[in-house]
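Heads up, entry.txt below (compact mmCIF, C-alpha atoms):
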# COMPACT_ATOMS: atom_id res chain seq x y z
CA MET R 1 -36.29 -13.87 64.61
CA TRP R 2 -34.87 -16.72 62.51
CA ARG R 3 -31.23 -17.43 63.29
CA ALA R 4 -31.00 -21.19 63.64
CA LEU R 5 -28.65 -22.95 61.28
CA PRO R 6 -30.04 -25.87 59.32
CA ALA R 7 -29.09 -29.18 60.94
CA ARG R 8 -27.31 -30.28 57.77
CA CYS R 9 -25.14 -27.16 57.99
CA ARG R 10 -23.85 -27.39 61.55
CA GLY R 11 -20.14 -27.98 61.96
CA SER R 12 -17.51 -26.93 59.45
CA PHE R 13 -19.06 -24.91 56.62
CA ALA R 14 -19.15 -21.51 55.01
CA ALA R 15 -22.22 -19.48 55.87
CA VAL R 16 -23.94 -16.41 54.48
CA VAL R 17 -26.51 -14.09 56.00
CA VAL R 18 -29.74 -13.31 54.16
CA ILE R 19 -32.69 -11.18 55.22
CA ALA R 20 -36.04 -13.00 55.34
CA ASN R 21 -39.07 -10.85 56.14
CA GLY R 22 -36.78 -8.32 57.79
CA ASP R 23 -34.88 -10.82 59.99
CA GLU R 24 -31.30 -11.97 59.54
CA VAL R 25 -30.97 -15.68 58.80
CA GLU R 26 -27.66 -17.51 58.58
CA VAL R 27 -27.61 -20.30 55.98
CA ALA R 28 -24.99 -22.51 54.35
CA ASP R 29 -23.37 -20.88 51.34
CA ASP R 30 -24.94 -23.49 49.06
CA ALA R 31 -28.47 -23.29 50.51
CA SER R 32 -31.36 -22.88 48.09
CA VAL R 33 -34.61 -21.06 48.68
CA ALA R 34 -36.25 -24.48 49.12
CA ASP R 35 -33.69 -25.37 51.82
CA LEU R 36 -34.49 -22.16 53.68
CA LEU R 37 -38.24 -22.77 53.48
CA GLU R 38 -37.79 -26.31 54.81
CA GLU R 39 -35.67 -25.15 57.75
CA LEU R 40 -38.22 -22.46 58.60
CA GLY R 41 -41.00 -25.05 58.67
CA LEU R 42 -42.59 -23.70 55.52
CA GLY R 43 -41.71 -26.54 53.15
CA GLY R 44 -44.68 -28.14 51.44
CA ARG R 45 -46.88 -25.10 52.00
CA LEU R 46 -48.03 -22.66 49.37
CA ILE R 47 -45.52 -19.83 49.80
CA VAL R 48 -45.01 -16.84 47.54
CA VAL R 49 -41.30 -15.94 47.48
CA GLU R 50 -39.73 -12.71 46.32
CA ARG R 51 -35.91 -12.50 46.19
CA ASN R 52 -34.35 -9.07 45.78
CA GLY R 53 -37.60 -7.72 44.38
CA GLU R 54 -38.07 -10.51 41.83
CA PRO R 55 -40.51 -13.41 42.17
CA VAL R 56 -39.11 -16.94 42.50
CA THR R 57 -41.38 -19.44 40.79
CA LYS R 58 -42.22 -22.71 42.49
CA GLY R 59 -40.20 -24.58 39.87
CA ARG R 60 -37.05 -22.61 40.72
CA LEU R 61 -37.15 -22.81 44.55
CA ALA R 62 -34.73 -25.76 44.66
CA THR R 63 -32.32 -24.32 42.08
CA THR R 64 -32.17 -20.71 43.31
CA ILE R 65 -29.08 -20.54 45.53
CA LEU R 66 -29.05 -17.87 48.21
CA ALA R 67 -26.23 -15.31 48.34
CA ALA R 68 -25.03 -13.05 51.13
CA GLY R 69 -27.29 -10.04 51.52
CA ASP R 70 -30.23 -11.47 49.58
CA ARG R 71 -33.52 -9.95 50.70
CA LEU R 72 -36.44 -12.34 50.71
CA GLU R 73 -40.12 -11.76 51.31
CA LEU R 74 -41.99 -14.93 52.21
CA VAL R 75 -45.77 -14.82 52.15
CA ARG R 76 -47.92 -17.80 52.99
CA ALA R 77 -50.97 -18.03 50.76
CA VAL R 78 -54.15 -18.64 52.75
CA ALA R 79 -57.47 -19.68 51.29
CA GLY R 80 -60.59 -18.11 52.61
CA GLY R 81 -63.51 -16.06 51.71

Do you think you could lay out the structure here as structure tokens?
Amino acid sequence: MWRALPARCRGSFAAVVVIANGDEVEVADDASVADLLEELGLGGRLIVVERNGEPVTKGRLATTILAAGDRLELVRAVAGG
């Protein structure tokens, strides 16, 4: 379960709770999808992100700000054959 707050968010801040792959995650109220991926150790990897049933393109990960109650599905793309 992911519950750790990002290091940049500890202290005095407003937080929201989102659901990522079925688990509650508390993030700063100004956190982007890219911030969440970085804190979960998924930054820099090929990740497919769906937010509230809609895909988030790679180009919008840093500009899509999370809101309380957002439901995210994070799927790591794996090559193979």

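Counting all atoms listed in the file and comparing R:Arg76, R:Arg60, R:Gly69, R:Val16, the residue that lies closest to R:Gly41 is R:Arg76.
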
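Note that the spacing between atom CA of R:Ala31 and atom CA of R:Leu61 amounts to 10.5 Å.
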
Quick one: residues within 8 Å of R:Leu46, all atoms listed in the file, excluding same-chain residues fewer than 2 positions away - as a ChimeraX atom specification? /R:44,48,76-77

Could you save the residues just selected, with C-alpha atoms, as a compact mmCIF listing (two decimals), in the coordinates of the input?
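Final file, again_8.txt:
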# COMPACT_ATOMS: atom_id res chain seq x y z
CA GLY R 44 -44.68 -28.14 51.44
CA VAL R 48 -45.01 -16.84 47.54
CA ARG R 76 -47.92 -17.80 52.99
CA ALA R 77 -50.97 -18.03 50.76

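In this comparison, which uses all atoms listed in the file, the residue of R:Val25, R:Val17, R:Leu36, R:Glu73 approaching R:Pro55 most closely is R:Glu73.
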
Applying 8 Å and all atoms listed in the file, which residues near R:Gly43 remain after dropping the ones on its own chain fewer than 5 positions away? List them as a PyMOL selection string. chain R and resi 34+37-38

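Between atom CA of R:Ala67 and atom CA of R:Ala15 there is a distance of 9.5 Å.
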
Quote the spacing between atom CA of R:Asp29 and atom CA of R:Ile65 in Å to one decimal place. 8.2 Å

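Among the candidates R:Asn21, R:Gly80, R:Ser32, R:Leu74, the one nearest to R:Arg45 when counting all atoms listed in the file is R:Leu74.
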
Tell me which of R:Val78, R:Leu72, R:Leu42, R:Val33 sits closest to R:Lys58, counting all atoms listed in the file. R:Val33

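You can rank R:Ile19, R:Asp70, R:Leu40, R:Val27 by their closest distance to R:Asn52 using only C-alpha atoms, and at the top of that list sits R:Asp70.
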
Put the listed atoms of stretch 47-55 of chain R in a box along x, y and z with 4 Å added on every side and give me the centre and edge lengths in Å to one decimal, as JSON.
{"center_x": -39.9, "center_y": -13.8, "center_z": 45.8, "size_x": 19.2, "size_y": 20.1, "size_z": 16.0}
